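As stored in start-v1.csv (CSV, C-alpha atoms):
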chain,number,residue,atom,x,y,z
A,11,MET,CA,-15.9,-9.6,23.1
A,12,THR,CA,-14.9,-12.7,25.1
A,13,GLN,CA,-11.3,-13.5,25.2
A,14,GLY,CA,-10.4,-16.9,26.6
A,15,SER,CA,-8.0,-19.9,26.4
A,16,ASN,CA,-10.4,-22.8,27.1
A,17,GLN,CA,-9.9,-25.1,24.2
A,18,ASN,CA,-13.3,-26.7,24.7
A,19,VAL,CA,-15.1,-23.4,24.1
A,20,PHE,CA,-16.7,-22.9,20.6
A,21,LYS,CA,-14.9,-20.1,18.9
A,22,LEU,CA,-16.5,-17.9,16.4
A,23,LEU,CA,-14.5,-15.5,14.2
A,24,ILE,CA,-16.6,-12.8,12.5
A,25,VAL,CA,-15.0,-11.3,9.4
A,26,GLU,CA,-16.5,-7.9,8.5
A,27,ARG,CA,-14.3,-6.0,6.1
A,28,SER,CA,-16.6,-3.0,6.1
A,29,LEU,CA,-16.6,-2.7,9.9
A,30,ILE,CA,-14.7,0.6,10.3
A,31,SER,CA,-16.9,2.7,12.7
A,32,ASN,CA,-20.3,2.8,14.2
A,33,ARG,CA,-22.0,3.6,10.9
A,34,GLY,CA,-24.1,1.6,8.4
A,35,HIS,CA,-25.4,-1.8,9.2
A,36,HIS,CA,-22.1,-3.7,9.5
A,37,HIS,CA,-21.7,-3.2,13.2
A,38,THR,CA,-25.2,-4.6,13.8
A,39,GLN,CA,-24.2,-8.0,12.3
A,40,ILE,CA,-21.8,-8.5,15.3
A,41,GLY,CA,-24.6,-8.1,17.9
A,42,ALA,CA,-27.0,-10.2,15.9
A,43,LEU,CA,-24.5,-13.1,15.6
A,44,LYS,CA,-23.8,-12.9,19.3
A,45,SER,CA,-27.5,-13.5,19.9
A,46,VAL,CA,-27.4,-16.6,17.6
A,47,PHE,CA,-24.3,-18.0,19.4
A,48,PRO,CA,-24.6,-16.7,23.0
A,49,GLN,CA,-22.1,-19.2,24.4
A,50,ALA,CA,-19.4,-18.7,21.8
A,51,GLU,CA,-16.0,-17.1,22.3
A,52,ILE,CA,-16.3,-14.4,19.7
A,53,HIS,CA,-13.6,-12.5,17.9
A,54,ILE,CA,-13.8,-10.0,15.0
A,55,VAL,CA,-11.7,-9.2,12.0
A,56,ALA,CA,-12.4,-5.7,10.7
A,57,GLY,CA,-11.3,-3.4,7.8
A,58,GLU,CA,-8.3,-1.2,7.8
A,59,GLY,CA,-9.1,1.9,9.7
A,60,TYR,CA,-11.3,0.2,12.3
A,61,ASP,CA,-11.6,2.6,15.3
A,62,GLY,CA,-12.1,-0.1,17.9
A,63,PHE,CA,-15.6,0.9,19.0
A,64,LEU,CA,-16.6,-2.7,19.4
A,65,GLY,CA,-13.4,-3.7,21.2
A,66,GLU,CA,-10.1,-4.9,19.9
A,67,ALA,CA,-10.1,-6.8,16.6
A,68,VAL,CA,-7.8,-9.8,16.3
A,69,GLY,CA,-6.9,-8.7,12.8
A,70,LEU,CA,-7.4,-5.9,10.2
A,71,ILE,CA,-7.6,-6.6,6.5
A,72,PRO,CA,-5.4,-4.1,4.6
A,73,ASP,CA,-7.1,-2.2,1.7
A,74,LYS,CA,-4.2,-3.0,-0.5
A,75,ASN,CA,-5.1,-6.7,-0.4
A,76,PHE,CA,-8.2,-6.0,-2.5
A,77,LYS,CA,-6.3,-3.9,-5.0
A,78,LEU,CA,-3.9,-6.8,-5.4
A,79,SER,CA,-6.7,-9.3,-5.6
A,80,ARG,CA,-8.2,-7.2,-8.4
A,81,LEU,CA,-4.9,-7.4,-10.3
A,82,ARG,CA,-4.8,-11.1,-9.8
A,83,ALA,CA,-8.3,-11.4,-11.2
A,84,LYS,CA,-7.4,-9.4,-14.3
A,85,ARG,CA,-4.3,-11.5,-14.7
A,86,LEU,CA,-6.2,-14.8,-14.6
A,87,HIS,CA,-9.5,-13.8,-16.2
A,88,GLY,CA,-8.9,-10.6,-18.1
A,89,SER,CA,-8.5,-10.0,-21.8
A,90,LEU,CA,-5.2,-10.6,-23.5
A,91,ARG,CA,-4.4,-6.9,-23.3
A,92,GLN,CA,-5.3,-6.7,-19.6
A,93,ARG,CA,-3.1,-9.8,-18.8
A,94,LEU,CA,-0.2,-8.3,-20.7
A,95,ARG,CA,-0.6,-5.0,-18.9
A,96,ILE,CA,-0.7,-6.7,-15.5
A,97,ASN,CA,2.4,-8.8,-16.3
A,98,LEU,CA,4.3,-5.7,-17.3
A,99,LYS,CA,3.3,-3.9,-14.1
A,100,MET,CA,4.5,-6.8,-12.0
A,101,LEU,CA,7.7,-7.0,-13.9
A,102,PHE,CA,8.6,-3.3,-13.4
A,103,ALA,CA,7.5,-3.5,-9.8
A,104,GLY,CA,9.7,-6.4,-9.1
A,105,HIS,CA,6.8,-8.8,-8.2
A,106,LYS,CA,7.1,-12.4,-9.3
A,107,GLN,CA,3.6,-13.4,-8.2
A,108,LEU,CA,0.5,-12.2,-6.5
A,109,ALA,CA,-1.2,-13.5,-3.4
A,110,THR,CA,-3.7,-16.3,-4.2
A,111,SER,CA,-6.6,-14.5,-2.5
A,112,ALA,CA,-7.4,-11.2,-0.8
A,113,TYR,CA,-7.0,-12.5,2.8
A,114,GLY,CA,-6.7,-16.3,2.8
A,115,GLN,CA,-3.3,-16.1,4.4
A,116,GLU,CA,-4.5,-13.6,7.0
A,117,LEU,CA,-7.3,-16.0,8.0
A,118,LEU,CA,-4.8,-18.8,8.4
A,119,ASP,CA,-2.5,-16.7,10.6
A,120,ILE,CA,-5.4,-15.6,12.8
A,121,CYS,CA,-6.9,-19.1,13.2
A,122,SER,CA,-3.5,-20.5,14.1
A,123,ARG,CA,-3.0,-17.8,16.7
A,124,LEU,CA,-6.5,-18.4,18.2
A,125,LYS,CA,-5.9,-22.2,18.0
A,126,MET,CA,-9.2,-22.7,16.0
A,127,SER,CA,-10.1,-26.1,14.8
A,128,ARG,CA,-12.8,-28.0,12.9
A,129,LYS,CA,-15.3,-27.6,15.7
A,130,ASP,CA,-15.1,-23.8,15.4
A,131,MET,CA,-16.6,-21.4,12.8
A,132,ILE,CA,-15.8,-18.4,10.7
A,133,ILE,CA,-18.7,-16.3,9.5
A,134,ILE,CA,-18.5,-13.6,6.8
A,135,PRO,CA,-21.9,-11.9,7.1
A,136,THR,CA,-21.3,-9.5,4.2
A,137,ALA,CA,-19.5,-11.7,1.8
A,138,ASP,CA,-18.4,-11.0,-1.7
A,139,LEU,CA,-16.4,-12.8,-4.4
A,140,ASP,CA,-13.1,-11.8,-2.7
A,141,SER,CA,-14.4,-13.4,0.4
A,142,LEU,CA,-15.3,-16.6,-1.3
A,143,GLU,CA,-11.8,-16.8,-3.0
A,144,SER,CA,-10.2,-16.1,0.4
A,145,ALA,CA,-12.3,-18.8,2.2
A,146,VAL,CA,-11.4,-21.4,-0.4
A,147,ASP,CA,-7.7,-20.4,-0.3
A,148,PHE,CA,-7.7,-20.5,3.5
A,149,SER,CA,-9.3,-23.9,3.6
A,150,GLY,CA,-6.8,-25.3,1.1
A,151,ARG,CA,-3.9,-24.0,3.2
A,152,MET,CA,-5.3,-25.3,6.6
A,153,GLY,CA,-6.6,-28.6,5.2
A,154,GLY,CA,-8.7,-31.0,7.3
A,155,ALA,CA,-8.2,-28.9,10.4
A,156,ALA,CA,-10.0,-25.9,9.0
A,157,PRO,CA,-13.1,-24.6,10.8
A,158,THR,CA,-16.4,-24.2,9.0
A,159,VAL,CA,-16.4,-21.0,6.9
A,160,ALA,CA,-19.9,-19.6,6.4
A,161,LEU,CA,-20.4,-16.9,3.8
A,162,ARG,CA,-23.5,-14.8,3.5
A,163,PHE,CA,-24.0,-13.1,0.2
A,164,LEU,CA,-26.3,-10.1,0.0
A,165,SER,CA,-25.9,-9.3,-3.7
A,166,PRO,CA,-26.3,-11.5,-6.8
A,167,THR,CA,-23.1,-10.0,-8.3
A,168,MET,CA,-21.1,-10.8,-5.2
A,169,GLY,CA,-19.6,-7.3,-5.5
A,170,GLU,CA,-18.2,-7.9,-9.0
A,171,HIS,CA,-19.8,-5.5,-11.4
A,172,SER,CA,-18.3,-7.0,-14.6
A,173,GLN,CA,-20.5,-9.9,-15.6
A,174,ARG,CA,-17.8,-11.6,-17.6
A,175,PHE,CA,-15.3,-11.3,-14.7
A,176,PHE,CA,-17.9,-12.4,-12.2
A,177,GLU,CA,-18.8,-15.6,-14.0
A,178,SER,CA,-15.2,-16.5,-14.9
A,179,ARG,CA,-14.0,-15.9,-11.3
A,180,LEU,CA,-17.0,-17.8,-9.8
A,181,ILE,CA,-16.6,-20.8,-12.0
A,182,ALA,CA,-12.9,-21.0,-11.1
A,183,VAL,CA,-13.4,-20.8,-7.4
A,184,ALA,CA,-16.5,-23.0,-7.3
A,185,ALA,CA,-14.4,-25.8,-8.8
A,186,ASP,CA,-12.2,-25.7,-5.7
A,187,LEU,CA,-15.0,-25.6,-3.1
A,188,THR,CA,-14.2,-27.7,0.0
A,189,SER,CA,-16.8,-29.3,2.3
A,190,ASN,CA,-16.1,-26.9,5.1
A,191,VAL,CA,-17.1,-23.8,3.1
A,192,LYS,CA,-20.8,-23.2,3.4
A,193,LEU,CA,-22.7,-20.7,1.2
A,194,PHE,CA,-25.7,-18.8,2.3
A,195,THR,CA,-27.8,-15.9,1.1
A,196,GLU,CA,-30.2,-13.6,2.9
A,197,THR,CA,-33.2,-14.2,0.7
A,198,GLU,CA,-34.6,-17.5,-0.5
A,199,GLU,CA,-35.0,-15.8,-3.9
A,200,MET,CA,-31.3,-15.2,-4.3
A,201,ALA,CA,-30.4,-18.8,-3.2
A,202,ALA,CA,-32.7,-20.2,-5.9
A,203,PHE,CA,-31.1,-17.9,-8.4
A,204,PHE,CA,-27.5,-19.1,-7.6
A,205,SER,CA,-28.6,-22.7,-7.4
A,206,SER,CA,-30.4,-22.7,-10.8
A,207,ARG,CA,-28.1,-20.5,-12.7
A,208,TYR,CA,-24.7,-21.5,-11.4
A,209,ARG,CA,-25.5,-24.8,-9.7
A,210,LEU,CA,-24.0,-23.6,-6.4
A,211,PRO,CA,-24.9,-25.3,-3.2
A,212,VAL,CA,-26.5,-22.2,-1.6
A,213,THR,CA,-29.0,-22.1,1.3
A,214,GLY,CA,-31.3,-19.1,1.7
A,215,GLY,CA,-32.8,-17.6,4.9
A,216,PHE,CA,-29.7,-16.4,6.7
A,217,PHE,CA,-31.4,-13.3,8.2
A,218,LEU,CA,-29.8,-10.8,10.5
A,219,PRO,CA,-31.9,-7.7,11.5
A,220,CYS,CA,-30.1,-4.4,11.6
A,221,SER,CA,-31.4,-1.9,14.2
A,222,VAL,CA,-34.1,-4.0,16.0
A,223,GLY,CA,-32.4,-6.8,17.9
A,224,PHE,CA,-33.6,-10.4,18.4
A,225,ALA,CA,-34.4,-9.8,22.0
A,226,ASP,CA,-36.1,-6.5,21.8
A,227,ASP,CA,-39.4,-6.2,23.6
A,228,ASP,CA,-42.7,-6.7,21.8
A,229,GLN,CA,-43.8,-3.1,21.2
A,230,GLY,CA,-45.9,-1.5,18.6
A,231,ALA,CA,-45.7,2.0,17.2
A,232,CYS,CA,-45.6,4.9,19.6
A,233,ARG,CA,-48.3,6.9,17.9
A,234,ASP,CA,-48.5,10.7,18.0
A,235,GLY,CA,-52.2,11.3,18.1
A,236,GLU,CA,-53.8,10.9,14.7
A,237,THR,CA,-50.7,11.7,12.7
A,238,PHE,CA,-49.6,8.8,10.5
A,239,ARG,CA,-45.8,8.7,10.5
A,240,LEU,CA,-44.1,7.1,7.5
A,241,GLY,CA,-40.4,6.5,7.4
A,242,VAL,CA,-38.1,6.9,4.4
A,243,LEU,CA,-34.9,5.5,6.0
A,244,GLY,CA,-31.2,5.8,5.3
A,245,ALA,CA,-29.2,8.0,3.0
A,246,PRO,CA,-30.8,8.5,-0.4
A,247,ARG,CA,-29.7,6.1,-3.2
A,248,SER,CA,-31.0,5.6,-6.7
A,249,GLU,CA,-31.7,1.9,-6.2
A,250,LYS,CA,-33.8,2.8,-3.1
A,251,GLY,CA,-36.1,4.9,-5.3
A,252,SER,CA,-35.2,8.1,-3.4
A,253,HIS,CA,-35.8,10.2,-6.5
A,254,ARG,CA,-39.4,9.1,-6.4
A,255,ILE,CA,-40.1,10.5,-2.9
A,256,PRO,CA,-40.9,14.1,-3.9
A,257,SER,CA,-43.5,12.9,-6.4
A,258,ILE,CA,-45.1,10.5,-4.0
A,259,VAL,CA,-45.3,13.1,-1.3
A,260,ARG,CA,-46.8,15.7,-3.5
A,261,ILE,CA,-49.4,13.4,-5.0
A,262,ALA,CA,-50.4,12.3,-1.4
A,263,ALA,CA,-50.7,16.0,-0.5
A,264,ASP,CA,-53.0,16.7,-3.4
A,265,LEU,CA,-55.1,13.6,-2.5
A,266,CYS,CA,-55.4,14.7,1.1
A,267,ALA,CA,-56.3,18.3,0.1
A,268,ALA,CA,-59.1,17.0,-2.2
A,269,GLU,CA,-60.5,14.3,0.0
A,270,GLY,CA,-59.6,15.2,3.6
A,271,SER,CA,-57.4,12.9,5.6
A,272,ASN,CA,-55.7,12.3,8.9
A,273,PRO,CA,-52.4,14.1,9.0
A,274,ILE,CA,-49.5,12.3,7.4
A,275,GLU,CA,-45.9,13.0,8.2
A,276,PHE,CA,-43.1,11.7,6.0
A,277,VAL,CA,-40.0,11.2,8.2
A,278,VAL,CA,-37.2,11.4,5.6
A,279,GLN,CA,-33.5,10.8,6.3
A,280,GLY,CA,-31.0,12.8,4.3
A,281,SER,CA,-28.2,15.3,4.5
A,282,THR,CA,-28.5,19.1,4.5
A,283,THR,CA,-27.5,19.0,0.8
A,284,ASP,CA,-30.2,16.4,0.0
A,285,PHE,CA,-32.8,18.9,1.4
A,286,SER,CA,-31.3,21.9,-0.4
A,287,PRO,CA,-33.2,23.4,-3.4
A,288,THR,CA,-31.0,21.4,-5.8
A,289,GLY,CA,-31.0,18.2,-3.7
A,290,VAL,CA,-33.0,15.0,-4.2
A,291,TYR,CA,-35.5,16.1,-1.5
A,292,GLY,CA,-35.3,19.8,-2.4
A,293,GLY,CA,-38.3,21.8,-1.0
A,294,LEU,CA,-40.0,18.9,0.8
A,295,ALA,CA,-39.2,20.2,4.3
A,296,ASP,CA,-41.2,23.4,3.4
A,297,LEU,CA,-44.5,21.6,3.0
A,298,ILE,CA,-47.2,22.6,5.4
A,299,GLY,CA,-50.8,21.3,5.9
A,300,THR,CA,-52.2,17.8,6.2
A,301,VAL,CA,-49.1,16.3,4.6
A,302,ARG,CA,-45.7,17.4,5.9
A,303,VAL,CA,-42.1,16.2,5.9
A,304,GLN,CA,-39.8,15.9,8.8
A,305,ALA,CA,-36.2,16.1,7.6
A,306,VAL,CA,-34.0,13.9,9.7
A,307,SER,CA,-30.2,13.5,9.6
A,308,ASP,CA,-28.9,10.4,7.9
A,309,ARG,CA,-26.1,10.4,10.5
A,310,LEU,CA,-28.1,9.5,13.6
A,311,SER,CA,-26.4,7.4,16.3
A,312,PRO,CA,-27.8,3.8,16.5
A,313,ASP,CA,-29.8,4.7,19.6
A,314,GLU,CA,-31.2,7.9,18.0
A,315,PHE,CA,-32.1,5.9,14.9
A,316,LYS,CA,-33.9,3.2,16.9
A,317,LYS,CA,-35.9,5.8,18.8
A,318,MET,CA,-37.0,7.4,15.6
A,319,PHE,CA,-37.8,4.0,14.1
A,320,GLU,CA,-40.0,3.1,17.0
A,321,SER,CA,-42.1,6.3,16.5
A,322,LEU,CA,-43.2,5.3,13.0
A,323,ASP,CA,-46.4,3.7,11.9
A,324,ALA,CA,-45.1,2.5,8.6
A,325,VAL,CA,-42.0,2.3,6.3
A,326,LEU,CA,-41.9,3.3,2.7
A,327,LEU,CA,-39.7,1.4,0.2
A,328,PRO,CA,-40.3,2.4,-3.4
A,329,TYR,CA,-37.2,0.3,-4.3
A,330,ASP,CA,-35.9,-0.5,-7.8
A,331,ILE,CA,-37.0,-4.1,-8.3
A,332,SER,CA,-34.3,-4.6,-11.0
A,333,VAL,CA,-32.0,-4.7,-7.9
A,334,TYR,CA,-34.3,-5.9,-5.2
A,335,TRP,CA,-36.1,-8.8,-6.9
A,336,LEU,CA,-33.3,-10.9,-5.4
A,337,GLN,CA,-31.6,-8.7,-2.9
A,338,GLY,CA,-33.1,-8.4,0.6
A,339,SER,CA,-33.5,-5.3,2.8
A,340,GLY,CA,-32.6,-5.0,6.5
A,341,VAL,CA,-35.3,-2.3,6.7
A,342,ILE,CA,-37.9,-5.0,5.9
A,343,GLN,CA,-36.6,-7.2,8.7
A,344,ASP,CA,-36.4,-4.3,11.2
A,345,ALA,CA,-39.9,-3.2,10.3
A,346,VAL,CA,-41.4,-6.6,10.9
A,347,LEU,CA,-39.7,-7.0,14.2
A,348,ALA,CA,-40.7,-3.5,15.2
A,349,LYS,CA,-44.3,-4.1,14.1
A,350,LYS,CA,-44.6,-1.5,11.3
A,351,LEU,CA,-46.7,-1.6,8.2
A,352,LEU,CA,-44.6,-2.0,5.0
A,353,ILE,CA,-45.4,-0.1,1.8
A,354,HIS,CA,-43.1,-1.5,-0.8
A,355,SER,CA,-42.5,-1.9,-4.5
A,356,ASN,CA,-44.4,-4.8,-6.1
A,357,GLY,CA,-42.1,-7.6,-7.0
A,358,MET,CA,-39.5,-7.2,-4.3
A,359,ALA,CA,-37.7,-10.2,-2.8
A,360,MET,CA,-38.4,-11.5,0.8
A,361,LYS,CA,-42.0,-12.2,-0.2
A,362,SER,CA,-42.4,-14.4,2.9
A,363,PHE,CA,-42.0,-11.3,5.1
A,364,VAL,CA,-44.7,-9.3,3.4
A,365,SER,CA,-47.4,-11.9,2.9
A,366,HIS,CA,-49.1,-11.8,6.3
A,367,GLY,CA,-51.4,-8.8,5.9
A,368,ASN,CA,-48.6,-6.6,7.2
A,369,ALA,CA,-47.7,-4.9,3.9
A,370,ARG,CA,-49.1,-3.2,0.8
A,371,SER,CA,-47.4,-3.1,-2.6
A,372,ALA,CA,-47.5,-0.5,-5.4
A,373,ALA,CA,-45.8,0.2,-8.7
A,374,THR,CA,-46.4,3.8,-9.8
A,375,ASP,CA,-46.1,7.0,-7.7
A,376,GLN,CA,-49.8,7.4,-7.9
A,377,GLU,CA,-50.4,3.9,-6.5
A,378,PHE,CA,-47.9,4.5,-3.7
A,379,ALA,CA,-49.7,7.8,-2.8
A,380,ASP,CA,-53.1,6.0,-2.9
A,381,VAL,CA,-51.9,3.3,-0.5
A,382,ILE,CA,-50.4,5.7,1.9
A,383,VAL,CA,-53.5,7.9,2.2
A,384,ALA,CA,-55.7,4.8,2.6
A,385,ALA,CA,-53.4,3.4,5.3
A,386,ALA,CA,-53.4,6.6,7.2
A,387,GLN,CA,-57.2,6.6,7.7
A,388,ASP,CA,-57.2,3.5,9.9
A,389,PRO,CA,-53.7,2.1,10.8
A,390,SER,CA,-55.3,-0.4,13.2
A,391,GLN,CA,-56.7,-2.4,10.2
A,392,TRP,CA,-53.2,-3.8,9.7
A,393,ALA,CA,-52.7,-4.8,13.3
A,394,ASP,CA,-53.5,-8.5,13.0
A,395,GLY,CA,-51.2,-8.9,9.9
A,396,ILE,CA,-48.4,-7.1,11.5
A,397,SER,CA,-48.6,-9.3,14.6
A,398,LEU,CA,-48.6,-12.4,12.4
A,399,ALA,CA,-45.5,-11.2,10.5
A,400,TRP,CA,-43.8,-10.6,13.9
A,401,HIS,CA,-44.5,-14.1,15.1
A,402,TYR,CA,-43.4,-15.5,11.7
A,403,TYR,CA,-40.0,-13.8,11.8
A,404,ARG,CA,-39.4,-14.6,15.5
A,405,GLU,CA,-39.8,-18.3,14.6
A,406,ARG,CA,-37.5,-17.9,11.6
A,407,LEU,CA,-34.8,-16.4,13.8
A,408,LYS,CA,-34.9,-19.5,16.0
A,409,MET,CA,-34.3,-21.7,12.9
A,410,LEU,CA,-31.5,-19.9,11.1
A,411,PRO,CA,-29.7,-22.4,8.8
A,412,ILE,CA,-26.3,-21.2,10.0
A,413,SER,CA,-26.9,-22.5,13.6
A,414,GLU,CA,-28.0,-26.0,12.7
A,415,ASP,CA,-24.6,-27.6,13.1
A,416,HIS,CA,-23.5,-25.4,16.0
A,417,ASN,CA,-26.6,-25.2,18.2
A,418,PHE,CA,-25.2,-24.4,21.6
Can I see the file as structure tokens?
Amino acid sequence: MTQGSNQNVFKLLIVERSLISNRGHHHTQIGALKSVFPQAEIHIVAGEGYDGFLGEAVGLIPDKNFKLSRLRAKRLHGSLRQRLRINLKMLFAGHKQLATSAYGQELLDICSRLKMSRKDMIIIPTADLDSLESAVDFSGRMGGAAPTVALRFLSPTMGEHSQRFFESRLIAVAADLTSNVKLFTETEEMAAFFSSRYRLPVTGGFFLPCSVGFADDDQGACRDGETFRLGVLGAPRSEKGSHRIPSIVRIAADLCAAEGSNPIEFVVQGSTTDFSPTGVYGGLADLIGTVRVQAVSDRLSPDEFKKMFESLDAVLLPYDISVYWLQGSGVIQDAVLAKKLLIHSNGMAMKSFVSHGNARSAATDQEFADVIVAAAQDPSQWADGISLAWHYYRERLKMLPISEDHNF
């Protein structure tokens, strides 16, 4: 992280509340944004408990801020009973008022300390509704001297699970949007949703790969003989369709036994509990024969994960499209950059990433197994499409909408 006092240097403040340690995808956003703005003086704001693995943060956002923000939301947008309850809590606690946002004041303090101005930028790459309220609050406090604040939303609920609360809070904050607050989404599909449903000025296509960097070499799969290696990546979650994996694997095993096939190895990430007899992947690691499962820890270091990722031929995403019809996936982006075949649920967002002959879609477990077994027979048949997708994404990364006004 570059520290400097040159007032002519473009300063970029990256706010990543979930940045605590070298886990998940949150740390990768920092490196990706450094690639987008290589000449910037970059500072980070992290969550409470940040362990400093990326260097010193210029600020930490206290967890209590978000609890207080929730109370404020209930006081403003809750039912009559909820509003009365919050007012009584505040009265007995001796509070006269709540902060106007989760961390608008913190942003103002940090920007003042760093001497940031209109020519600089704040990016919140994993933004939620608290982030939007904080950005608008901060901009109102700082006025015309406020830097551009770019928020990147990954979820159509913006982290608010109550639909009534979400819409009430969103309508209220949208009425106070200032010109320096710019709204982005990862997928074009989500941008279209926000624009049509809520008439928000949102731009799609703000992509940031997770484990495969912008500048990584052009390398294909490191194949292990004739074995077709298919990755099921990350800790299991219901929206990722993890519960479907045992069925897909066993149907594929039955197909291979009946028809003959090149060996297929499912490389499945999970914990010891996940692979126990009662776990979501129970019994899979015991499979032997043409189809087998390699159980891999879901706590790999970034370097270990990247090495494992490079060894794959394809990535399996039987994701729940009730979630992923708008929401994007870092795995899709990484797979395109790493030149892997994608086998995904029909109807997922990020259609522009899977339309180059580099992907196959399916709906039922049987269809997934059929696609997997067919792909394993001749992985080279996807080579041209995979290369086209790689070139497409590389060009998209050169034209990220976030960098248009700050192209240094």
**Message:** When you count all atoms listed in the file, which of these residues is closest to Ser332 in chain A: A:Leu108, A:Ile396, A:Leu351, A:Met358?
**Reply:**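 Smallest distance to Ser332 in chain A is found for A:Met358.
Those residues that approach Gln304 in chain A to within 9 Å, counting all atoms listed in the file, are Glu275, Phe276, Val277, Val278, Gln279, Leu294 and Ala295 of chain A; same-chain residues fewer than 6 positions away are not listed.
Closest to Met409 in chain A among A:Leu22, A:Leu193, A:Ile133, A:Val46 is A:Val46, based on only C-alpha atoms.
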**Asked** What would the list of residues within 6 Å of (-33.2, -6.3, 10.0) (file frame) look like as JSON, numbers by chain, if only C-alpha atoms are what count?
**Response** {"A": [218, 219, 220, 340, 341, 343, 344]}
Mind dumping the selected residues with C-alpha atoms as a PDB file, in the coordinates of the input?
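result34.pdb written:
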ATOM      1  CA  LEU A 218     -29.800 -10.800  10.500  1.00  0.00           C
ATOM      2  CA  PRO A 219     -31.900  -7.700  11.500  1.00  0.00           C
ATOM      3  CA  CYS A 220     -30.100  -4.400  11.600  1.00  0.00           C
ATOM      4  CA  GLY A 340     -32.600  -5.000   6.500  1.00  0.00           C
ATOM      5  CA  VAL A 341     -35.300  -2.300   6.700  1.00  0.00           C
ATOM      6  CA  GLN A 343     -36.600  -7.200   8.700  1.00  0.00           C
ATOM      7  CA  ASP A 344     -36.400  -4.300  11.200  1.00  0.00           C
TER       8      ASP A 344
END
**Prompt:** When you draw a straight line from CA of Gln387 in chain A to CA of Ile331 in chain A, how long is it in Å?
**Reply:**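 So the answer is 27.9 Å.
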**Request:** Kindly provide, as a list of chain:residue names, the polymer residues lying within 9 Å of (-19.8, -18.0, 22.9), counting all atoms listed in the file and using the coordinates exactly as they appear in the file.
**Result:** A:Thr12, A:Val19, A:Phe20, A:Lys21, A:Leu22, A:Lys44, A:Phe47, A:Pro48, A:Gln49, A:Ala50, A:Glu51, A:Ile52, A:Phe418
**Point-to-point distance in Å for CA of Ser165 in chain A and CA of Leu142 in chain A** = 13.1 Å
